[in-house]
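*Asks:* My structure file final_36.csv, CSV, C-alpha atoms, is below:
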chain,number,residue,atom,x,y,z
A,70,MET,CA,-298.8,-87.2,80.6
A,71,ASP,CA,-299.3,-90.7,79.2
A,72,GLU,CA,-297.2,-92.8,76.9
A,73,LYS,CA,-299.2,-91.8,73.8
A,74,LYS,CA,-298.7,-88.1,74.4
A,75,ALA,CA,-295.0,-88.7,75.1
A,76,LEU,CA,-294.6,-90.5,71.8
A,77,GLU,CA,-296.4,-87.7,70.0
A,78,GLU,CA,-294.1,-85.2,71.6
A,79,LEU,CA,-291.0,-87.1,70.6
A,80,GLN,CA,-292.3,-87.4,67.0
A,81,PHE,CA,-293.0,-83.7,67.0
A,82,ILE,CA,-289.4,-83.0,68.2
A,83,LYS,CA,-288.0,-85.2,65.5
A,84,LYS,CA,-290.1,-83.6,62.8
A,85,VAL,CA,-289.0,-80.1,63.8
A,86,ILE,CA,-285.3,-81.1,64.0
A,87,ASP,CA,-285.4,-82.8,60.6
A,88,ASP,CA,-287.1,-79.9,59.0
A,89,SER,CA,-284.7,-77.3,60.5
A,90,LYS,CA,-281.6,-79.3,59.6
A,91,ARG,CA,-282.6,-79.2,56.0
A,92,THR,CA,-283.4,-75.6,55.8
A,93,ILE,CA,-281.7,-74.3,52.6
A,94,VAL,CA,-279.7,-71.2,53.4
A,95,ASP,CA,-277.8,-71.2,50.1
A,96,ASN,CA,-279.3,-69.1,47.4
A,97,GLY,CA,-277.3,-70.8,44.6
A,98,MET,CA,-275.8,-67.5,43.4
A,99,GLY,CA,-272.3,-68.7,44.1
A,100,TYR,CA,-272.8,-71.6,41.8
A,101,ILE,CA,-274.2,-69.4,39.1
A,102,VAL,CA,-271.6,-66.6,39.3
A,103,TRP,CA,-268.6,-69.0,39.6
A,104,GLY,CA,-270.0,-71.2,36.8
A,105,ILE,CA,-270.4,-68.3,34.4
A,106,LEU,CA,-267.0,-66.9,35.2
A,107,ILE,CA,-265.3,-70.3,34.6
A,108,VAL,CA,-267.2,-70.7,31.3
A,109,ILE,CA,-265.9,-67.2,30.2
A,110,GLY,CA,-262.3,-68.3,31.2
A,111,LEU,CA,-262.6,-71.6,29.3
A,112,ALA,CA,-264.2,-69.9,26.2
A,113,SER,CA,-261.5,-67.3,26.1
A,114,THR,CA,-258.8,-69.9,26.4
A,115,TYR,CA,-260.3,-72.0,23.7
A,116,TYR,CA,-260.7,-68.9,21.4
A,117,GLY,CA,-257.0,-68.0,22.1
A,118,VAL,CA,-255.8,-71.5,21.2
A,119,VAL,CA,-258.0,-71.9,18.1
A,120,THR,CA,-257.2,-68.4,16.7
A,121,GLN,CA,-253.6,-68.8,17.8
A,122,SER,CA,-253.7,-65.4,19.5
A,123,TYR,CA,-250.5,-64.9,21.3
A,124,PHE,CA,-251.8,-63.7,24.7
A,125,ASP,CA,-250.8,-65.3,27.9
A,126,TYR,CA,-253.8,-67.5,29.0
A,127,GLY,CA,-252.8,-67.0,32.6
A,128,TYR,CA,-254.1,-63.4,32.5
A,129,ASN,CA,-257.7,-64.2,31.6
A,130,TRP,CA,-257.7,-66.8,34.4
A,131,ILE,CA,-256.3,-64.3,36.9
A,132,ILE,CA,-259.1,-61.9,36.0
A,133,VAL,CA,-262.0,-64.4,36.2
A,134,ILE,CA,-260.7,-66.1,39.4
A,135,SER,CA,-260.1,-62.8,41.1
A,136,LEU,CA,-263.6,-61.6,40.2
A,137,GLY,CA,-265.0,-64.9,41.6
A,138,TRP,CA,-263.1,-64.5,44.9
A,139,ILE,CA,-264.2,-60.8,45.2
A,140,TYR,CA,-267.8,-61.9,44.7
A,141,THR,CA,-267.4,-64.7,47.3
A,142,PHE,CA,-265.8,-62.2,49.8
A,143,ILE,CA,-268.7,-59.7,49.4
A,144,ASP,CA,-271.4,-62.5,49.4
A,145,VAL,CA,-270.0,-64.1,52.6
A,146,ARG,CA,-270.0,-60.7,54.4
A,147,ARG,CA,-273.5,-59.9,53.3
A,148,GLU,CA,-274.7,-63.4,54.2
A,149,LYS,CA,-273.3,-63.2,57.7
A,150,LYS,CA,-275.4,-60.1,58.3
A,151,THR,CA,-278.7,-61.1,56.7
A,152,ILE,CA,-279.0,-64.8,57.1
A,153,PRO,CA,-282.0,-65.6,59.3
A,154,VAL,CA,-280.8,-69.1,60.4
A,155,TYR,CA,-277.4,-70.7,60.4
A,156,THR,CA,-277.6,-74.4,60.2
A,157,PHE,CA,-274.8,-76.9,60.9
A,158,SER,CA,-275.2,-78.2,57.3
A,159,ALA,CA,-274.6,-74.6,56.1
A,160,LYS,CA,-271.5,-74.4,58.3
A,161,ILE,CA,-270.1,-77.7,57.0
A,162,LEU,CA,-270.9,-76.8,53.4
A,163,GLY,CA,-269.5,-73.3,53.7
A,164,SER,CA,-266.2,-74.8,54.9
A,165,VAL,CA,-266.2,-77.5,52.2
A,166,TRP,CA,-266.8,-75.1,49.4
A,167,LEU,CA,-264.3,-72.6,50.7
A,168,SER,CA,-261.6,-75.2,51.0
A,169,THR,CA,-262.5,-76.7,47.6
A,170,GLY,CA,-262.3,-73.2,46.0
A,171,ILE,CA,-258.8,-72.6,47.5
A,172,ALA,CA,-257.6,-76.1,46.4
A,173,LEU,CA,-259.0,-75.5,42.9
A,174,THR,CA,-257.3,-72.1,42.7
A,175,ILE,CA,-254.0,-73.6,43.6
A,176,LEU,CA,-254.5,-76.6,41.3
A,177,GLY,CA,-255.4,-74.2,38.4
A,178,PHE,CA,-252.4,-72.0,38.7
A,179,VAL,CA,-249.4,-73.6,40.4
A,180,PRO,CA,-249.0,-76.9,38.7
A,181,THR,CA,-249.3,-75.3,35.2
A,182,PHE,CA,-246.9,-72.5,36.0
A,183,THR,CA,-244.3,-74.9,37.4
A,184,GLY,CA,-244.8,-77.4,34.6
A,185,ALA,CA,-245.9,-80.1,37.0
A,186,LEU,CA,-249.2,-80.5,35.2
A,187,HIS,CA,-249.8,-80.0,31.5
A,188,GLY,CA,-252.6,-77.5,30.8
A,189,VAL,CA,-254.8,-80.1,29.1
A,190,TYR,CA,-255.1,-82.0,32.5
A,191,VAL,CA,-256.3,-79.0,34.4
A,192,SER,CA,-260.0,-79.4,33.5
A,193,PRO,CA,-260.2,-83.2,34.3
A,194,THR,CA,-258.4,-82.5,37.7
A,195,MET,CA,-260.9,-79.7,38.5
A,196,SER,CA,-263.8,-82.0,37.4
A,197,ILE,CA,-262.8,-84.8,39.7
A,198,VAL,CA,-262.3,-82.5,42.7
A,199,LEU,CA,-265.6,-80.7,42.1
A,200,GLY,CA,-267.5,-83.9,42.4
A,201,ILE,CA,-266.8,-84.0,46.1
A,202,PRO,CA,-268.5,-80.8,47.2
A,203,PHE,CA,-271.5,-81.4,44.9
A,204,TYR,CA,-272.0,-84.8,46.4
A,205,LEU,CA,-271.8,-83.5,49.9
A,206,THR,CA,-274.2,-80.6,49.1
A,207,GLY,CA,-276.7,-83.0,47.6
A,208,VAL,CA,-276.6,-85.3,50.6
A,209,LEU,CA,-276.8,-82.7,53.3
A,210,TYR,CA,-279.6,-80.7,51.5
A,211,ASP,CA,-281.2,-83.9,50.3
A,212,ILE,CA,-281.3,-82.7,46.7
A,213,PRO,CA,-280.8,-85.7,44.3
A,214,LEU,CA,-280.2,-83.4,41.3
A,215,ILE,CA,-277.1,-81.9,43.0
A,216,LYS,CA,-276.0,-85.2,44.6
A,217,TYR,CA,-276.0,-87.0,41.2
A,218,SER,CA,-274.4,-84.1,39.4
A,219,SER,CA,-271.2,-85.3,41.1
A,220,VAL,CA,-271.4,-88.4,39.0
A,221,GLY,CA,-271.4,-86.2,35.9
A,222,TRP,CA,-268.2,-84.5,37.2
A,223,TRP,CA,-266.5,-87.7,37.9
A,224,ILE,CA,-267.4,-89.3,34.5
A,225,GLY,CA,-266.5,-86.1,32.6
A,226,GLY,CA,-263.2,-85.9,34.5
A,227,THR,CA,-262.4,-89.5,33.7
A,228,VAL,CA,-263.2,-89.1,30.0
A,229,MET,CA,-261.0,-86.0,29.8
A,230,PHE,CA,-258.1,-87.9,31.5
A,231,ILE,CA,-258.4,-90.8,29.1
A,232,TYR,CA,-258.9,-88.7,25.9
A,233,PRO,CA,-257.0,-85.5,26.5
A,234,GLY,CA,-257.4,-82.7,24.0
A,235,LEU,CA,-258.5,-79.2,23.2
A,236,TYR,CA,-262.2,-80.3,23.1
A,237,SER,CA,-261.9,-80.7,26.9
A,238,LEU,CA,-262.2,-76.9,27.3
A,239,ILE,CA,-265.6,-77.0,25.5
A,240,LEU,CA,-266.7,-80.1,27.4
A,241,MET,CA,-265.7,-78.5,30.7
A,242,ALA,CA,-267.6,-75.3,29.8
A,243,GLY,CA,-270.7,-77.4,28.9
A,244,MET,CA,-270.4,-79.4,32.2
A,245,MET,CA,-270.1,-76.1,34.1
A,246,LEU,CA,-273.4,-74.9,32.6
A,247,VAL,CA,-275.2,-78.2,33.0
A,248,LEU,CA,-273.7,-79.5,36.3
A,249,GLN,CA,-273.1,-76.2,38.1
A,250,VAL,CA,-275.1,-73.3,36.7
A,251,LEU,CA,-278.3,-75.3,36.3
A,252,PRO,CA,-278.1,-76.8,39.9
A,253,GLY,CA,-277.4,-73.2,41.0
A,254,ILE,CA,-280.6,-72.0,39.3
A,255,TYR,CA,-282.5,-74.9,40.9
A,256,LEU,CA,-281.1,-74.0,44.3
A,257,TYR,CA,-281.9,-70.3,43.7
A,258,ARG,CA,-285.6,-71.1,42.8
A,259,LYS,CA,-285.9,-73.5,45.8
A,260,PHE,CA,-284.5,-71.0,48.1
A,261,LYS,CA,-286.9,-68.3,46.8
A,262,LYS,CA,-289.8,-70.7,47.2
A,263,GLU,CA,-288.9,-71.5,50.8
A,264,ASN,CA,-288.5,-67.8,51.1
A,265,VAL,CA,-285.9,-68.1,53.9
A,266,LEU,CA,-284.8,-64.5,53.7
A,267,ASN,CA,-288.1,-62.9,53.5
A,268,TYR,CA,-289.8,-63.5,56.8
A,269,GLU,CA,-290.9,-59.8,56.7
B,84,MET,CA,-298.2,-99.5,84.8
B,85,ASN,CA,-295.4,-97.0,84.2
B,86,ASP,CA,-294.0,-95.5,87.4
B,87,PHE,CA,-292.9,-92.3,85.5
B,88,ASP,CA,-293.6,-89.0,87.3
B,89,TYR,CA,-294.6,-86.5,84.7
B,90,GLN,CA,-293.6,-83.7,87.2
B,91,GLN,CA,-290.0,-84.6,86.4
B,92,LEU,CA,-290.5,-82.9,83.0
B,93,ASP,CA,-289.0,-79.5,82.7
B,94,ASP,CA,-291.8,-76.9,83.0
B,95,ILE,CA,-289.8,-74.4,81.0
B,96,ILE,CA,-289.7,-76.7,78.0
B,97,HIS,CA,-293.0,-78.4,78.5
B,98,SER,CA,-295.0,-76.0,76.3
B,99,ARG,CA,-295.7,-76.6,72.6
B,100,ILE,CA,-294.1,-73.3,71.4
B,101,ARG,CA,-291.1,-73.5,73.7
B,102,LEU,CA,-290.6,-77.1,72.8
B,103,ALA,CA,-290.7,-76.2,69.1
B,104,VAL,CA,-288.3,-73.3,69.6
B,105,MET,CA,-285.9,-75.6,71.6
B,106,SER,CA,-286.1,-78.2,68.9
B,107,VAL,CA,-285.3,-75.7,66.2
B,108,LEU,CA,-282.4,-74.2,68.1
B,109,ILE,CA,-280.9,-77.7,69.0
B,110,SER,CA,-280.6,-78.4,65.2
B,111,VAL,CA,-279.1,-75.0,64.1
B,112,GLU,CA,-276.4,-72.8,65.3
B,113,THR,CA,-278.4,-69.6,65.4
B,114,ALA,CA,-281.9,-68.5,64.3
B,115,GLU,CA,-283.4,-65.1,63.8
B,116,PHE,CA,-286.7,-64.1,65.5
B,117,ASN,CA,-288.8,-64.0,62.3
B,118,TYR,CA,-287.5,-67.3,61.2
B,119,LEU,CA,-288.5,-68.9,64.5
B,120,LYS,CA,-291.9,-67.1,64.3
B,121,LYS,CA,-292.6,-68.8,61.0
B,122,LYS,CA,-291.2,-72.1,62.1
B,123,VAL,CA,-293.3,-72.4,65.2
B,124,ASN,CA,-296.3,-70.6,63.8
B,125,ALA,CA,-296.6,-68.0,66.5
B,126,THR,CA,-297.4,-64.3,66.7
B,127,ASP,CA,-294.8,-61.7,67.6
B,128,GLY,CA,-296.2,-61.1,71.1
B,129,ASN,CA,-296.8,-64.7,71.9
B,130,LEU,CA,-293.3,-65.8,70.8
B,131,SER,CA,-291.7,-62.9,72.6
B,132,VAL,CA,-293.2,-64.1,75.9
B,133,HIS,CA,-292.0,-67.6,75.4
B,134,MET,CA,-288.5,-66.4,74.3
B,135,ARG,CA,-288.3,-64.3,77.5
B,136,LYS,CA,-289.1,-67.4,79.6
B,137,LEU,CA,-286.3,-69.4,77.9
B,138,GLU,CA,-284.0,-66.5,78.3
B,139,ASP,CA,-284.7,-66.1,82.0
B,140,ALA,CA,-284.0,-69.8,82.5
B,141,GLU,CA,-280.7,-69.2,80.7
B,142,TYR,CA,-281.6,-71.8,78.1
B,143,ILE,CA,-281.0,-69.4,75.2
B,144,ASN,CA,-278.6,-66.6,74.3
B,145,VAL,CA,-279.9,-63.4,72.6
B,146,THR,CA,-278.0,-61.2,70.3
B,147,LYS,CA,-279.6,-57.9,69.2
B,148,GLU,CA,-278.1,-55.8,66.4
B,149,PHE,CA,-279.0,-53.6,63.6
B,150,VAL,CA,-278.6,-54.8,60.0
B,151,GLY,CA,-278.8,-51.6,58.0
B,152,LYS,CA,-281.6,-49.8,59.7
B,153,LYS,CA,-283.5,-52.9,60.7
B,154,PRO,CA,-283.2,-54.4,64.2
B,155,GLN,CA,-282.4,-58.1,64.2
B,156,THR,CA,-282.7,-60.5,67.1
B,157,THR,CA,-280.9,-63.8,66.9
B,158,TYR,CA,-281.1,-66.7,69.3
B,159,ALA,CA,-278.8,-69.6,70.1
B,160,LEU,CA,-279.1,-72.4,72.6
B,161,THR,CA,-276.8,-72.2,75.7
B,162,SER,CA,-275.0,-75.3,77.0
B,163,LYS,CA,-277.5,-75.2,79.9
B,164,GLY,CA,-280.4,-75.2,77.5
B,165,LYS,CA,-278.8,-78.0,75.5
B,166,LYS,CA,-278.5,-80.2,78.6
B,167,ALA,CA,-282.1,-79.4,79.7
B,168,PHE,CA,-283.4,-80.3,76.2
B,169,GLU,CA,-281.5,-83.6,76.2
B,170,LEU,CA,-282.8,-84.4,79.7
B,171,TYR,CA,-286.3,-83.6,78.6
B,172,VAL,CA,-286.1,-85.9,75.6
B,173,ALA,CA,-284.5,-88.6,77.7
B,174,ARG,CA,-287.4,-88.4,80.2
B,175,LEU,CA,-289.9,-88.7,77.4
B,176,GLU,CA,-288.1,-91.7,76.1
B,177,LYS,CA,-288.2,-93.2,79.6
B,178,LEU,CA,-291.9,-92.7,79.7
B,179,ILE,CA,-292.5,-94.7,76.5
B,180,GLY,CA,-290.1,-97.3,77.8
B,181,LYS,CA,-287.5,-96.7,75.1
What does this structure look like when you write it as structure tokens?
*Replies:*
Amino acid sequence: MDEKKALEELQFIKKVIDDSKRTIVDNGMGYIVWGILIVIGLASTYYGVVTQSYFDYGYNWIIVISLGWIYTFIDVRREKKTIPVYTFSAKILGSVWLSTGIALTILGFVPTFTGALHGVYVSPTMSIVLGIPFYLTGVLYDIPLIKYSSVGWWIGGTVMFIYPGLYSLILMAGMMLVLQVLPGIYLYRKFKKENVLNYE
Amino acid sequence: MNDFDYQQLDDIIHSRIRLAVMSVLISVETAEFNYLKKKVNATDGNLSVHMRKLEDAEYINVTKEFVGKKPQTTYALTSKGKKAFELYVARLEKLIGK
């Protein structure tokens, strides 16, 4: 083997490693399902406040968040059995999203129930926190759309903190659709295109 | 003139398909047979032969299970395989004087 062949072989190894590391094993359904559930929660809360319905807003959130976790639990179990490749990026992102989900669930319920956080500040708090996993996902999968959606979360969160109000429920719902559901659809289509799960 | 002895290269890894398989496995935790087949552009039979060689050398771990009614074979690099791959790359780098 000469130097030229050795260099070619090293370049080949690098290409295969880079390619494998960025294999997308996330089908984006988690983004879509959670996004839609949160929009339903936000819309029902907004409707309740505007129409002055005297229902406890905690119940609609308990229902949508429980449904989200049930979906996640089923999806993780299914994924473990069917996924054709488990990358280190997927492992890191799985942990990041799981820990973010737990943190957001706690932040969504406990501070409002105890009175530590006024309900109007829940959406901006969620928004600021959500920027982190979106940024990481965008970087690790090398998807600028997802990476820069984090900027949207941080800007939106900042605006809602500076100008608190009922509108933040609608703004948050819009952000969920644009910054979470749409990237989820993009990820889903990219995943389908790469056809990771369908190697016969 | 480089005094590198090419015979120092690990014969088990020194094959295009096995090198590609090892490169994929070093960058992921586990990979399923059909995924590897697609990645290294090999046929079932051809890849099976190469995977057996890597398995015999204890460079990879094999897990066979049924998902529903379909058999699934999953591979992962062993610590011995990881060391062998790193040594292989180090020797290539030595050859090019890196």
*Asks:* Please report the interatomic distance between CA of Lys165 in chain B and CA of Glu148 in chain A in Å with one decimal.
*Replies:*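 Answer for the CA of Lys165 in chain B to CA of Glu148 in chain A separation: 26.1 Å.
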*Asks:* For the atom pair CA of Thr157 in chain B and CA of Asn96 in chain A, what is the interatomic distance in Å to one decimal place?
*Replies:* 20.3 Å
*Asks:* For chain A against chain B, which residues fall within 7 Å using all atoms listed in the file, given as a ChimeraX atom specification?
*Replies:* /A:70,72,75-76,82,85-86,89-90,150,153-157,268
*Asks:* Counting all atoms listed in the file, find residues at most 12 Å from (-252.4, -70.8, 38.8) (file frame) and give them as a VMD selection string.
*Replies:* chain A and resid 126 to 135 171 to 186 188 191
*Asks:* What is the distance between CA of Leu246 in chain A and CA of Val189 in chain A, in Å to one decimal?
*Replies:*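 Computing it gives 19.6 Å between the two atoms.
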*Asks:* Using only C-alpha atoms for the distances, tell me which of B:Leu160, B:Thr146, B:Lys152, B:Ala140 is nearest to Asp93 in chain B.
*Replies:* B:Ala140
*Asks:* Distance cut-off 12 Å, centre (-267.1, -65.9, 47.7) in file coordinates, counting all atoms listed in the file: which residues qualify? Return them as a ChimeraX atom specification.
*Replies:* /A:97-103,134-148,163-164,166-171
*Asks:* Check the smallest atom-to-atom distance from each of A:Trp222, A:Gly104, A:Gly234, A:Ile161 to Val118 in chain A using all atoms listed in the file, then report the winner.
*Replies:*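 Between A:Trp222, A:Gly104, A:Gly234, A:Ile161, the residue approaching Val118 in chain A most closely is A:Gly234.
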